[in-house]
file input_31.pdb (PDB, C-alpha atoms)
ATOM      1  CA  MET A  14      39.117  15.708 -23.440
ATOM      2  CA  THR A  15      38.905  14.161 -20.011
ATOM      3  CA  ALA A  16      35.999  12.039 -18.796
ATOM      4  CA  ALA A  17      34.863  14.810 -16.420
ATOM      5  CA  ALA A  18      34.729  17.338 -19.265
ATOM      6  CA  ALA A  19      32.819  14.858 -21.455
ATOM      7  CA  PHE A  20      30.233  14.291 -18.719
ATOM      8  CA  PHE A  21      30.000  18.043 -18.187
ATOM      9  CA  TYR A  22      29.168  18.663 -21.847
ATOM     10  CA  LEU A  23      26.700  15.756 -21.812
ATOM     11  CA  PHE A  24      24.829  16.927 -18.703
ATOM     12  CA  ALA A  25      24.901  20.565 -19.804
ATOM     13  CA  ALA A  26      23.565  19.790 -23.293
ATOM     14  CA  ILE A  27      20.724  17.647 -21.927
ATOM     15  CA  THR A  28      19.875  20.309 -19.328
ATOM     16  CA  VAL A  29      19.654  23.079 -21.926
ATOM     17  CA  ALA A  30      17.658  20.899 -24.334
ATOM     18  CA  SER A  31      15.272  19.841 -21.563
ATOM     19  CA  GLY A  32      14.806  23.442 -20.447
ATOM     20  CA  PHE A  33      13.929  24.432 -24.012
ATOM     21  CA  MET A  34      11.445  21.559 -24.315
ATOM     22  CA  VAL A  35       9.757  22.654 -21.070
ATOM     23  CA  ILE A  36       8.578  25.853 -22.752
ATOM     24  CA  ALA A  37       8.233  24.419 -26.278
ATOM     25  CA  SER A  38       6.144  21.353 -25.485
ATOM     26  CA  ARG A  39       2.400  21.715 -26.038
ATOM     27  CA  ASN A  40       1.480  18.961 -23.599
ATOM     28  CA  PRO A  41       1.834  20.184 -19.985
ATOM     29  CA  VAL A  42       2.542  16.652 -18.748
ATOM     30  CA  SER A  43       5.456  16.396 -21.171
ATOM     31  CA  SER A  44       6.701  19.789 -19.962
ATOM     32  CA  VAL A  45       6.792  18.547 -16.372
ATOM     33  CA  LEU A  46       8.636  15.383 -17.432
ATOM     34  CA  PHE A  47      11.225  17.469 -19.299
ATOM     35  CA  LEU A  48      11.525  19.646 -16.181
ATOM     36  CA  ILE A  49      12.321  16.547 -14.117
ATOM     37  CA  LEU A  50      14.949  15.536 -16.705
ATOM     38  CA  ALA A  51      16.497  19.020 -16.471
ATOM     39  CA  PHE A  52      16.645  18.781 -12.664
ATOM     40  CA  VAL A  53      18.332  15.371 -12.777
ATOM     41  CA  ASN A  54      21.006  16.531 -15.211
ATOM     42  CA  ALA A  55      21.561  19.718 -13.194
ATOM     43  CA  ALA A  56      22.154  17.458 -10.194
ATOM     44  CA  GLY A  57      24.765  15.652 -12.269
ATOM     45  CA  LEU A  58      26.506  18.973 -12.886
ATOM     46  CA  PHE A  59      26.533  19.669  -9.141
ATOM     47  CA  VAL A  60      28.121  16.258  -8.539
ATOM     48  CA  LEU A  61      30.863  17.076 -11.059
ATOM     49  CA  MET A  62      31.563  20.319  -9.179
ATOM     50  CA  GLY A  63      31.823  18.443  -5.894
ATOM     51  CA  ALA A  64      28.594  19.856  -4.460
ATOM     52  CA  GLU A  65      26.975  16.514  -3.707
ATOM     53  CA  PHE A  66      24.747  18.050  -1.042
ATOM     54  CA  LEU A  67      23.148  20.439  -3.541
ATOM     55  CA  ALA A  68      22.725  17.566  -5.995
ATOM     56  CA  MET A  69      20.946  15.484  -3.362
ATOM     57  CA  ILE A  70      18.688  18.403  -2.384
ATOM     58  CA  LEU A  71      17.863  19.054  -6.043
ATOM     59  CA  VAL A  72      16.825  15.449  -6.609
ATOM     60  CA  VAL A  73      15.024  14.893  -3.298
ATOM     61  CA  VAL A  74      13.222  18.236  -2.996
ATOM     62  CA  TYR A  75      12.635  19.432  -6.537
ATOM     63  CA  VAL A  76      12.339  16.134  -8.417
ATOM     64  CA  GLY A  77      10.850  14.070  -5.599
ATOM     65  CA  ALA A  78       8.397  16.670  -4.337
ATOM     66  CA  VAL A  79       7.881  19.823  -6.380
ATOM     67  CA  ALA A  80       8.026  18.399  -9.910
ATOM     68  CA  VAL A  81       5.972  15.324  -9.003
ATOM     69  CA  LEU A  82       3.434  17.596  -7.297
ATOM     70  CA  PHE A  83       3.216  19.681 -10.464
ATOM     71  CA  LEU A  84       2.676  16.499 -12.472
ATOM     72  CA  PHE A  85      -0.119  15.264 -10.208
ATOM     73  CA  VAL A  86      -1.810  18.673 -10.148
ATOM     74  CA  VAL A  87      -1.697  18.994 -13.938
ATOM     75  CA  MET A  88      -3.039  15.472 -14.438
ATOM     76  CA  MET A  89      -5.765  15.663 -11.779
ATOM     77  CA  LEU A  90      -7.155  19.172 -12.331
ATOM     78  CA  ASP A  91      -7.646  18.752 -16.097
ATOM     79  CA  VAL A  92      -6.953  22.428 -16.756
ATOM     80  CA  ASP A  93      -8.045  23.853 -20.098
ATOM     81  CA  PHE A  94      -4.659  25.093 -21.328
ATOM     82  CA  ALA A  95      -6.111  26.218 -24.657
ATOM     83  CA  GLU A  96      -8.081  28.860 -22.775
ATOM     84  CA  LEU A  97      -5.038  29.879 -20.755
ATOM     85  CA  ARG A  98      -3.021  30.436 -23.942
ATOM     86  CA  GLN A  99      -5.499  33.051 -25.148
ATOM     87  CA  GLY A 100      -3.945  36.481 -25.099
ATOM     88  CA  PHE A 101      -0.433  35.067 -25.565
ATOM     89  CA  GLN A 102       0.289  37.393 -28.476
ATOM     90  CA  GLU A 103      -0.353  40.459 -26.307
ATOM     91  CA  TYR A 104       2.720  39.705 -24.188
ATOM     92  CA  LEU A 105       4.840  38.404 -27.066
ATOM     93  CA  PRO A 106       6.773  41.675 -27.731
ATOM     94  CA  VAL A 107       7.726  42.127 -24.068
ATOM     95  CA  GLY A 108       8.631  38.455 -23.726
ATOM     96  CA  GLY A 109      10.682  38.571 -26.922
ATOM     97  CA  LEU A 110      12.577  41.633 -25.662
ATOM     98  CA  ILE A 111      13.389  39.975 -22.342
ATOM     99  CA  GLY A 112      14.421  36.781 -24.136
ATOM    100  CA  ALA A 113      16.713  38.755 -26.449
ATOM    101  CA  VAL A 114      18.388  40.420 -23.459
ATOM    102  CA  PHE A 115      18.999  37.046 -21.824
ATOM    103  CA  LEU A 116      20.332  35.658 -25.105
ATOM    104  CA  VAL A 117      22.840  38.511 -25.446
ATOM    105  CA  GLU A 118      23.976  37.974 -21.849
ATOM    106  CA  LEU A 119      24.449  34.243 -22.459
ATOM    107  CA  LEU A 120      26.443  34.913 -25.622
ATOM    108  CA  LEU A 121      28.687  37.350 -23.757
ATOM    109  CA  VAL A 122      29.284  34.798 -20.996
ATOM    110  CA  VAL A 123      29.922  31.909 -23.390
ATOM    111  CA  GLY A 124      32.219  34.029 -25.556
ATOM    112  CA  SER A 125      34.642  34.665 -22.673
ATOM    113  CA  TRP A 126      34.279  31.255 -21.026
ATOM    114  CA  ALA A 127      36.908  28.528 -20.878
ATOM    115  CA  ILE A 128      36.957  25.174 -19.106
ATOM    116  CA  ASP A 129      39.702  24.487 -16.612
ATOM    117  CA  PRO A 130      39.992  20.703 -16.152
ATOM    118  CA  GLY A 131      41.315  21.278 -12.650
ATOM    119  CA  LEU A 132      38.035  22.841 -11.547
ATOM    120  CA  VAL A 133      36.016  19.685 -12.154
ATOM    121  CA  GLN A 134      37.114  18.008  -8.950
ATOM    122  CA  ALA A 135      35.531  17.231  -5.623
ATOM    123  CA  PRO A 136      36.622  20.123  -3.384
ATOM    124  CA  LEU A 137      37.056  19.567   0.303
ATOM    125  CA  ALA A 138      36.198  21.988   3.069
ATOM    126  CA  THR A 139      38.697  22.765   5.798
ATOM    127  CA  ALA A 140      37.543  22.557   9.409
ATOM    128  CA  PRO A 141      38.859  24.954  12.069
ATOM    129  CA  SER A 142      41.035  22.092  13.321
ATOM    130  CA  GLY A 143      42.610  21.761   9.889
ATOM    131  CA  GLU A 144      40.819  18.504   9.040
ATOM    132  CA  GLN A 145      39.711  18.025   5.444
ATOM    133  CA  MET A 146      36.039  17.031   5.072
ATOM    134  CA  THR A 147      33.344  16.939   2.441
ATOM    135  CA  ASN A 148      31.042  19.911   1.999
ATOM    136  CA  THR A 149      28.065  17.880   3.231
ATOM    137  CA  ARG A 150      29.752  17.225   6.563
ATOM    138  CA  ALA A 151      30.923  20.841   6.805
ATOM    139  CA  LEU A 152      27.391  22.111   6.172
ATOM    140  CA  GLY A 153      26.014  19.727   8.791
ATOM    141  CA  LEU A 154      28.518  20.867  11.398
ATOM    142  CA  VAL A 155      27.765  24.547  10.773
ATOM    143  CA  LEU A 156      24.003  24.073  10.504
ATOM    144  CA  TYR A 157      23.596  22.010  13.673
ATOM    145  CA  THR A 158      26.048  23.981  15.810
ATOM    146  CA  ASN A 159      26.205  27.681  14.968
ATOM    147  CA  TYR A 160      22.769  27.992  13.370
ATOM    148  CA  PHE A 161      20.851  25.304  15.250
ATOM    149  CA  PHE A 162      18.375  27.770  16.806
ATOM    150  CA  PHE A 163      17.595  29.445  13.461
ATOM    151  CA  PHE A 164      17.203  26.016  11.847
ATOM    152  CA  GLN A 165      14.608  24.998  14.448
ATOM    153  CA  VAL A 166      12.767  28.324  14.125
ATOM    154  CA  ALA A 167      12.575  27.864  10.350
ATOM    155  CA  GLY A 168      11.147  24.384  10.879
ATOM    156  CA  LEU A 169       8.497  25.744  13.268
ATOM    157  CA  ILE A 170       7.540  28.467  10.785
ATOM    158  CA  LEU A 171       7.100  25.879   8.024
ATOM    159  CA  LEU A 172       5.053  23.693  10.390
ATOM    160  CA  VAL A 173       2.748  26.609  11.270
ATOM    161  CA  ALA A 174       2.378  27.460   7.572
ATOM    162  CA  MET A 175       1.451  23.850   6.765
ATOM    163  CA  ILE A 176      -1.130  23.709   9.573
ATOM    164  CA  GLY A 177      -2.571  27.051   8.468
ATOM    165  CA  ALA A 178      -2.919  25.855   4.871
ATOM    166  CA  ILE A 179      -4.725  22.718   6.059
ATOM    167  CA  VAL A 180      -7.089  24.703   8.294
ATOM    168  CA  LEU A 181      -7.885  27.251   5.563
ATOM    169  CA  THR A 182      -8.643  24.595   2.945
ATOM    170  CA  LEU A 183     -10.559  22.260   5.257
ATOM    171  CA  ARG A 184     -14.291  22.336   4.563
ATOM    172  CA  ASP A 185     -17.066  20.708   6.563
ATOM    173  CA  ARG A 186     -19.091  18.787   3.990
ATOM    174  CA  PRO A 187     -22.535  17.706   5.193
ATOM    175  CA  GLY A 188     -23.675  14.203   4.365
ATOM    176  CA  VAL A 189     -20.176  12.728   4.369
ATOM    177  CA  LYS A 190     -19.840   9.585   6.456
ATOM    178  CA  ARG A 191     -17.082   9.893   9.021
ATOM    179  CA  GLN A 192     -15.572   7.427  11.427
ATOM    180  CA  ASP A 193     -16.174   7.744  15.147
ATOM    181  CA  ILE A 194     -13.452   5.777  16.893
ATOM    182  CA  ALA A 195     -15.196   5.913  20.302
ATOM    183  CA  VAL A 196     -18.414   4.426  18.899
ATOM    184  CA  GLN A 197     -16.492   1.726  17.047
ATOM    185  CA  ASN A 198     -14.564   0.725  20.160
ATOM    186  CA  ALA A 199     -17.760   0.634  22.263
ATOM    187  CA  ARG A 200     -19.533  -1.573  19.764
ATOM    188  CA  THR A 201     -20.836  -4.887  21.159
ATOM    189  CA  GLN A 202     -22.150  -8.045  19.564
ATOM    190  CA  ASP A 203     -25.762  -6.994  20.222
ATOM    191  CA  MET A 204     -25.143  -3.746  18.329
ATOM    192  CA  ALA A 205     -23.349  -5.404  15.436
ATOM    193  CA  VAL A 206     -25.492  -8.510  14.863
ATOM    194  CA  GLU A 207     -29.274  -8.624  14.560
ATOM    195  CA  LEU A 208     -30.981 -12.012  14.758
ATOM    196  CA  ARG A 209     -34.299 -12.232  12.978
ATOM    197  CA  LYS A 210     -36.588 -15.243  12.809
ATOM    198  CA  VAL A 211     -37.644 -15.829   9.229
ATOM    199  CA  PRO A 212     -40.851 -17.803   8.619
ATOM    200  CA  ASN A 213     -40.672 -20.782   6.333
ATOM    201  CA  ARG A 214     -40.813 -19.940   2.633
ATOM    202  CA  GLN A 215     -40.896 -16.199   3.268
ATOM    203  CA  GLY A 216     -38.299 -13.573   2.667
ATOM    204  CA  VAL A 217     -36.895 -10.917   4.938
ATOM    205  CA  GLU A 218     -38.377  -7.453   4.729
ATOM    206  CA  VAL A 219     -35.721  -4.759   4.723
TER     207      VAL A 219
END
call {"tool": "encode", "arguments": {"input": "input_31.pdb", "output": "C-alpha cells"}}
result
Amino acid sequence: MTAAAAFFYLFAAITVASGFMVIASRNPVSSVLFLILAFVNAAGLFVLMGAEFLAMILVVVYVGAVAVLFLFVVMMLDVDFAELRQGFQEYLPVGGLIGAVFLVELLLVVGSWAIDPGLVQAPLATAPSGEQMTNTRALGLVLYTNYFFFFQVAGLILLVAMIGAIVLTLRDRPGVKRQDIAVQNARTQDMAVELRKVPNRQGVEV
C-alpha cells in the first residue's frame, strides 16, 4: 500500500465516522465540531485528488464561515433541543426507508469499487497554448476572462441580498443610546467640563 492510499483510507474513515457522529451526538455543539472535522478530512481527500482549490474553498468557506456560524448560533440561542426532538418517532419509518435505500446504493458502489494508485496524483490542466498548469490557475484564468461579467453580477446579487437581510432585520429600538459623530466633533471645553464652586465642608448636589 502506497502512502497516498494509506492517507486516503485514513481521511475517508475519519470523514465517515465524523459524519455518523454528527447525527448520533446528543449535544448539538459536539455535532457541529464533528461536522468541522468531517469538512477538514474531506478537504484532505480533495488534496489527494489534486483538487487543491476545492480543498481550500471547503476549509475557508464551510469550516471558516458556515460551520463556525452554526456553532455560534447554537451556543448563543440556547435552543431547547429536547422540545425539537418531540415527534421524532412519527418520521422514523420514512427516514429509515430512505436510509435503507442509501445504504443499498453505497453497498452497490463499494462492491464494484477498486482503487487505482495512479489516480491519486495531482492532475494538471492544459491551457490552450499547451502549457501545463494547476487547476487553481486554470480556474482563475477561465473565471476572470471568459466569465468575468457573470462573476461580477453574482457578486452584486450577493451584495444586494446581504444589504436586504440587514435592512429587514434592523429594528429601531427606542431608549438605546446612539453616537452622533457631528455632536461629538462639535463638542467644546465649555460643553464637556462644568466648573462648580463648592462651599467649604459641603458636598456637591447632583
call {"tool": "atom_distance", "arguments": {"input": "input_31.pdb", "atom1": "atom CA of Gly77 of chain A", "atom2": "atom CA of Ile49 of chain A"}}
result
9.0 Å
call {"tool": "residues_around", "arguments": {"input": "input_31.pdb", "residues": "Glu65 of chain A", "least_positions_apart": "5", "cutoff": "8 Å", "atoms": "all atoms listed in the file", "output": "list in words"}}
result
Phe59, Val60, Asn148 and Thr149 of chain A
call {"tool": "residues_around", "arguments": {"input": "input_31.pdb", "residues": "segment 21-23 of chain A", "least_positions_apart": "6", "cutoff": "9 Å", "atoms": "all atoms listed in the file", "output": "PyMOL selection string"}}
result
chain A and resi 54+57-58+61+133
call {"tool": "resolve_selection", "arguments": {"input": "input_31.pdb", "expression": "the PyMOL selection byres ((chain A and resi 45) around 8)", "output": "PDB file with C-alpha atoms, in the coordinates of the input"}}
result
ATOM      1  CA  VAL A  35       9.757  22.654 -21.070  1.00  0.00           C
ATOM      2  CA  PRO A  41       1.834  20.184 -19.985  1.00  0.00           C
ATOM      3  CA  VAL A  42       2.542  16.652 -18.748  1.00  0.00           C
ATOM      4  CA  SER A  43       5.456  16.396 -21.171  1.00  0.00           C
ATOM      5  CA  SER A  44       6.701  19.789 -19.962  1.00  0.00           C
ATOM      6  CA  LEU A  46       8.636  15.383 -17.432  1.00  0.00           C
ATOM      7  CA  PHE A  47      11.225  17.469 -19.299  1.00  0.00           C
ATOM      8  CA  LEU A  48      11.525  19.646 -16.181  1.00  0.00           C
ATOM      9  CA  ILE A  49      12.321  16.547 -14.117  1.00  0.00           C
ATOM     10  CA  ALA A  80       8.026  18.399  -9.910  1.00  0.00           C
ATOM     11  CA  PHE A  83       3.216  19.681 -10.464  1.00  0.00           C
ATOM     12  CA  LEU A  84       2.676  16.499 -12.472  1.00  0.00           C
TER      13      LEU A  84
END
call {"tool": "atom_distance", "arguments": {"input": "input_31.pdb", "atom1": "atom CA of Met175 of chain A", "atom2": "atom CA of Ala78 of chain A"}}
result
14.9 Å
call {"tool": "atom_distance", "arguments": {"input": "input_31.pdb", "atom1": "atom CA of Val79 of chain A", "atom2": "atom CA of Ala55 of chain A"}}
result
15.3 Å
call {"tool": "closest_residue", "arguments": {"input": "input_31.pdb", "among": "A:Val87, A:Ala113, A:Ala64, A:Ala195", "to": "Ala151 of chain A", "atoms": "all atoms listed in the file"}}
result
A:Ala64
call {"tool": "axis_aligned_box", "arguments": {"input": "input_31.pdb", "around": "segment 23-40 of chain A", "padding_each_side": "3 Å", "output": "JSON"}}
result
{"center_x": 14.1, "center_y": 20.8, "center_z": -22.5, "size_x": 31.2, "size_y": 16.1, "size_z": 13.6}
